[in-house]
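For reference, the structure is listed below as structure tokens.
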Amino acid sequence: VANTTAEKQIQELVVAKERAEEQVKDALAANEAIQAQLQELISAKASAENRAQETLVTKEAAEAQVQELIVANTTAEKQIQELVVAKERAEEQVKDALAANEAIQAQLQELISAKASAENRAQETLVTKEAAEAQVQELIVANTTAE
């Protein structure tokens, strides 16, 4: 009876070990997906920062042109107005790029937290798996002793 009970416990622990291994695989797969998203967001953030920088350079160039046209020719009022509009559009683009950058930063923080959580779950599952393996070994020894 003890042998049968031990064998049953061994089978249950083997099943638990297999489930724990699946959970570890799932957690690692989730971790990889999060890492890929993290890389995409880092790239998107860098791209947004580059666009913001380019837009800022465009804005500064527009401001410089406005000043040159005012000094060079007072009859260039129409061109000055067009550059003012371009400057305002550039400022809006800078605002939009900075807002996008903040949103990306928030997503980045969420993904970093999700990654840490997934890693913690993977570690907990690994500990559970190792405990199950140790119990299997103990039951094998007990089974052998019982035999």
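Ordering of the structure tokens sets the chain letters (A, B, ...), residue numbers begin anew at 1 in every chain, and ligands are numbered from 1 in the order given.
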
Pick out the residues sitting within 10 Å of segment 23-30 of chain A, and hand them over as a count of residues only; count only C-alpha atoms, and ignore anything fewer than 4 positions along from it in its own chain. 19

For Ala61 of chain A, find every residue with an atom within 12 Å (counting only C-alpha atoms), except residues of its own chain fewer than 6 positions away, and show them as a PyMOL selection string. chain A and resi 54-55+67-68+83-84+86-87+90

Output N, CA, C and O atoms for every residue in that selection, as a JSON list (two decimals), in the first residue's frame.
```
[["chain", "number", "residue", "atom", "x", "y", "z"],
["A", 54, "GLU", "N", 15.09, 67.06, -35.34],
["A", 54, "GLU", "CA", 15.03, 67.59, -36.70],
["A", 54, "GLU", "C", 14.03, 68.74, -36.80],
["A", 54, "GLU", "O", 14.30, 69.75, -37.45],
["A", 55, "THR", "N", 12.90, 68.57, -36.13],
["A", 55, "THR", "CA", 11.88, 69.62, -36.15],
["A", 55, "THR", "C", 12.39, 70.86, -35.44],
["A", 55, "THR", "O", 12.15, 71.99, -35.88],
["A", 67, "GLN", "N", 14.40, 86.36, -39.42],
["A", 67, "GLN", "CA", 15.22, 87.52, -39.05],
["A", 67, "GLN", "C", 15.99, 88.07, -40.26],
["A", 67, "GLN", "O", 16.08, 89.30, -40.44],
["A", 68, "GLU", "N", 16.55, 87.21, -41.08],
["A", 68, "GLU", "CA", 17.29, 87.66, -42.27],
["A", 68, "GLU", "C", 16.38, 88.42, -43.23],
["A", 68, "GLU", "O", 16.79, 89.45, -43.79],
["A", 83, "LEU", "N", 6.91, 81.88, -43.13],
["A", 83, "LEU", "CA", 7.89, 81.28, -42.22],
["A", 83, "LEU", "C", 7.38, 81.25, -40.78],
["A", 83, "LEU", "O", 7.67, 80.31, -40.03],
["A", 84, "VAL", "N", 6.62, 82.25, -40.41],
["A", 84, "VAL", "CA", 6.02, 82.25, -39.07],
["A", 84, "VAL", "C", 5.08, 81.05, -38.93],
["A", 84, "VAL", "O", 5.08, 80.35, -37.92],
["A", 86, "ALA", "N", 5.24, 78.29, -40.68],
["A", 86, "ALA", "CA", 6.09, 77.09, -40.64],
["A", 86, "ALA", "C", 6.69, 76.90, -39.25],
["A", 86, "ALA", "O", 6.76, 75.77, -38.75],
["A", 87, "LYS", "N", 7.08, 78.00, -38.63],
["A", 87, "LYS", "CA", 7.62, 77.93, -37.28],
["A", 87, "LYS", "C", 6.57, 77.39, -36.31],
["A", 87, "LYS", "O", 6.85, 76.54, -35.47],
["A", 90, "ALA", "N", 6.11, 73.81, -36.84],
["A", 90, "ALA", "CA", 7.27, 73.10, -36.28],
["A", 90, "ALA", "C", 7.14, 72.99, -34.76],
["A", 90, "ALA", "O", 7.45, 71.95, -34.18]]
```

So that I can see what lies close to segment 99-111 of chain A, please list as a VMD selection string the residues with an atom at most 9 Å from it, counting only C-alpha atoms and leaving out residues fewer than 4 positions away in the same chain. chain A and resid 34 to 35 37 to 38 41 to 42 44 to 46 48 to 49 94 to 95 115 to 116

Selection: 12 Å around Glu12 of chain A, only C-alpha atoms, excl. self and same-chain fewer than 3 positions, as a VMD selection string: chain A and resid 5 to 9 15 to 19 132 to 133 135 to 136 139

Suppose we keep all heavy atoms; can you now write the selection as an mmCIF file, in the first residue's frame?
```
data_model
loop_
_atom_site.group_PDB
_atom_site.id
_atom_site.type_symbol
_atom_site.label_atom_id
_atom_site.label_comp_id
_atom_site.auth_asym_id
_atom_site.auth_seq_id
_atom_site.Cartn_x
_atom_site.Cartn_y
_atom_site.Cartn_z
ATOM 1 N N THR A 5 1.032 4.044 -2.836
ATOM 2 C CA THR A 5 0.847 5.463 -2.498
ATOM 3 C C THR A 5 2.053 6.283 -2.946
ATOM 4 O O THR A 5 1.904 7.359 -3.526
ATOM 5 C CB THR A 5 0.649 5.621 -0.976
ATOM 6 O OG1 THR A 5 -0.480 4.838 -0.581
ATOM 7 C CG2 THR A 5 0.420 7.082 -0.607
ATOM 8 N N ALA A 6 3.235 5.761 -2.715
ATOM 9 C CA ALA A 6 4.461 6.476 -3.123
ATOM 10 C C ALA A 6 4.511 6.603 -4.637
ATOM 11 O O ALA A 6 4.868 7.662 -5.171
ATOM 12 C CB ALA A 6 5.700 5.754 -2.599
ATOM 13 N N GLU A 7 4.150 5.536 -5.347
ATOM 14 C CA GLU A 7 4.148 5.596 -6.817
ATOM 15 C C GLU A 7 3.134 6.620 -7.312
ATOM 16 O O GLU A 7 3.409 7.368 -8.261
ATOM 17 C CB GLU A 7 3.852 4.220 -7.404
ATOM 18 C CG GLU A 7 5.022 3.251 -7.265
ATOM 19 C CD GLU A 7 4.699 1.840 -7.762
ATOM 20 O OE1 GLU A 7 3.530 1.574 -8.112
ATOM 21 O OE2 GLU A 7 5.623 1.044 -7.798
ATOM 22 N N LYS A 8 1.993 6.660 -6.668
ATOM 23 C CA LYS A 8 0.967 7.650 -7.042
ATOM 24 C C LYS A 8 1.496 9.068 -6.802
ATOM 25 O O LYS A 8 1.339 9.946 -7.640
ATOM 26 C CB LYS A 8 -0.303 7.409 -6.239
ATOM 27 C CG LYS A 8 -1.434 8.346 -6.624
ATOM 28 C CD LYS A 8 -2.689 8.045 -5.843
ATOM 29 C CE LYS A 8 -3.800 9.022 -6.216
ATOM 30 N NZ LYS A 8 -4.998 8.817 -5.395
ATOM 31 N N GLN A 9 2.149 9.265 -5.666
ATOM 32 C CA GLN A 9 2.719 10.589 -5.361
ATOM 33 C C GLN A 9 3.805 10.947 -6.377
ATOM 34 O O GLN A 9 3.909 12.103 -6.794
ATOM 35 C CB GLN A 9 3.296 10.615 -3.945
ATOM 36 C CG GLN A 9 2.230 10.631 -2.858
ATOM 37 C CD GLN A 9 2.837 10.598 -1.478
ATOM 38 O OE1 GLN A 9 3.912 10.038 -1.273
ATOM 39 N NE2 GLN A 9 2.129 11.190 -0.510
ATOM 40 N N VAL A 15 3.843 14.933 -12.929
ATOM 41 C CA VAL A 15 2.878 15.796 -13.651
ATOM 42 C C VAL A 15 3.072 17.248 -13.218
ATOM 43 O O VAL A 15 3.097 18.157 -14.047
ATOM 44 C CB VAL A 15 1.432 15.319 -13.411
ATOM 45 C CG1 VAL A 15 0.421 16.341 -13.916
ATOM 46 C CG2 VAL A 15 1.200 13.967 -14.093
ATOM 47 N N ALA A 16 3.234 17.470 -11.906
ATOM 48 C CA ALA A 16 3.442 18.838 -11.401
ATOM 49 C C ALA A 16 4.738 19.415 -11.960
ATOM 50 O O ALA A 16 4.801 20.590 -12.320
ATOM 51 C CB ALA A 16 3.479 18.845 -9.873
ATOM 52 N N LYS A 17 5.761 18.580 -12.040
ATOM 53 C CA LYS A 17 7.050 19.027 -12.607
ATOM 54 C C LYS A 17 6.865 19.424 -14.060
ATOM 55 O O LYS A 17 7.368 20.466 -14.497
ATOM 56 C CB LYS A 17 8.081 17.904 -12.488
ATOM 57 C CG LYS A 17 9.416 18.234 -13.150
ATOM 58 C CD LYS A 17 10.351 17.036 -13.188
ATOM 59 C CE LYS A 17 11.537 17.326 -14.069
ATOM 60 N NZ LYS A 17 12.326 16.166 -14.348
ATOM 61 N N GLU A 18 6.127 18.610 -14.823
ATOM 62 C CA GLU A 18 5.895 18.931 -16.243
ATOM 63 C C GLU A 18 5.111 20.231 -16.374
ATOM 64 O O GLU A 18 5.421 21.055 -17.241
ATOM 65 C CB GLU A 18 5.153 17.785 -16.929
ATOM 66 C CG GLU A 18 6.024 16.530 -17.091
ATOM 67 C CD GLU A 18 5.232 15.296 -17.548
ATOM 68 O OE1 GLU A 18 3.999 15.372 -17.666
ATOM 69 O OE2 GLU A 18 5.878 14.274 -17.777
ATOM 70 N N ARG A 19 4.113 20.421 -15.511
ATOM 71 C CA ARG A 19 3.352 21.682 -15.538
ATOM 72 C C ARG A 19 4.263 22.860 -15.204
ATOM 73 O O ARG A 19 4.193 23.910 -15.827
ATOM 74 C CB ARG A 19 2.185 21.626 -14.556
ATOM 75 C CG ARG A 19 0.917 21.075 -15.197
ATOM 76 C CD ARG A 19 -0.285 21.209 -14.282
ATOM 77 N NE ARG A 19 -0.527 19.896 -13.686
ATOM 78 C CZ ARG A 19 -0.681 19.634 -12.416
ATOM 79 N NH1 ARG A 19 -0.690 20.595 -11.529
ATOM 80 N NH2 ARG A 19 -0.856 18.403 -11.978
ATOM 81 N N ALA A 132 9.545 20.237 -6.542
ATOM 82 C CA ALA A 132 8.847 19.039 -7.001
ATOM 83 C C ALA A 132 9.855 17.946 -7.356
ATOM 84 O O ALA A 132 9.659 16.772 -7.029
ATOM 85 C CB ALA A 132 7.959 19.367 -8.202
ATOM 86 N N GLU A 133 10.931 18.344 -8.003
ATOM 87 C CA GLU A 133 11.970 17.373 -8.353
ATOM 88 C C GLU A 133 12.592 16.761 -7.093
ATOM 89 O O GLU A 133 12.853 15.550 -7.036
ATOM 90 C CB GLU A 133 13.048 18.038 -9.218
ATOM 91 C CG GLU A 133 12.585 18.340 -10.628
ATOM 92 C CD GLU A 133 13.595 19.132 -11.442
ATOM 93 O OE1 GLU A 133 14.521 19.701 -10.855
ATOM 94 O OE2 GLU A 133 13.433 19.162 -12.659
ATOM 95 N N GLN A 135 11.115 16.429 -4.220
ATOM 96 C CA GLN A 135 10.122 15.516 -3.651
ATOM 97 C C GLN A 135 10.091 14.205 -4.425
ATOM 98 O O GLN A 135 9.955 13.132 -3.833
ATOM 99 C CB GLN A 135 8.732 16.172 -3.670
ATOM 100 C CG GLN A 135 8.529 17.184 -2.561
ATOM 101 C CD GLN A 135 7.102 17.696 -2.553
ATOM 102 O OE1 GLN A 135 6.537 17.940 -3.607
ATOM 103 N NE2 GLN A 135 6.547 17.843 -1.369
ATOM 104 N N VAL A 136 10.198 14.285 -5.746
ATOM 105 C CA VAL A 136 10.233 13.072 -6.561
ATOM 106 C C VAL A 136 11.420 12.211 -6.135
ATOM 107 O O VAL A 136 11.287 10.989 -5.938
ATOM 108 C CB VAL A 136 10.308 13.420 -8.072
ATOM 109 C CG1 VAL A 136 10.691 12.189 -8.887
ATOM 110 C CG2 VAL A 136 8.981 13.971 -8.555
ATOM 111 N N LEU A 139 10.716 10.620 -2.833
ATOM 112 C CA LEU A 139 9.751 9.530 -2.958
ATOM 113 C C LEU A 139 10.368 8.309 -3.641
ATOM 114 O O LEU A 139 10.029 7.164 -3.307
ATOM 115 C CB LEU A 139 8.510 10.003 -3.708
ATOM 116 C CG LEU A 139 7.589 10.913 -2.881
ATOM 117 C CD1 LEU A 139 6.509 11.478 -3.761
ATOM 118 C CD2 LEU A 139 6.997 10.141 -1.716
#
```
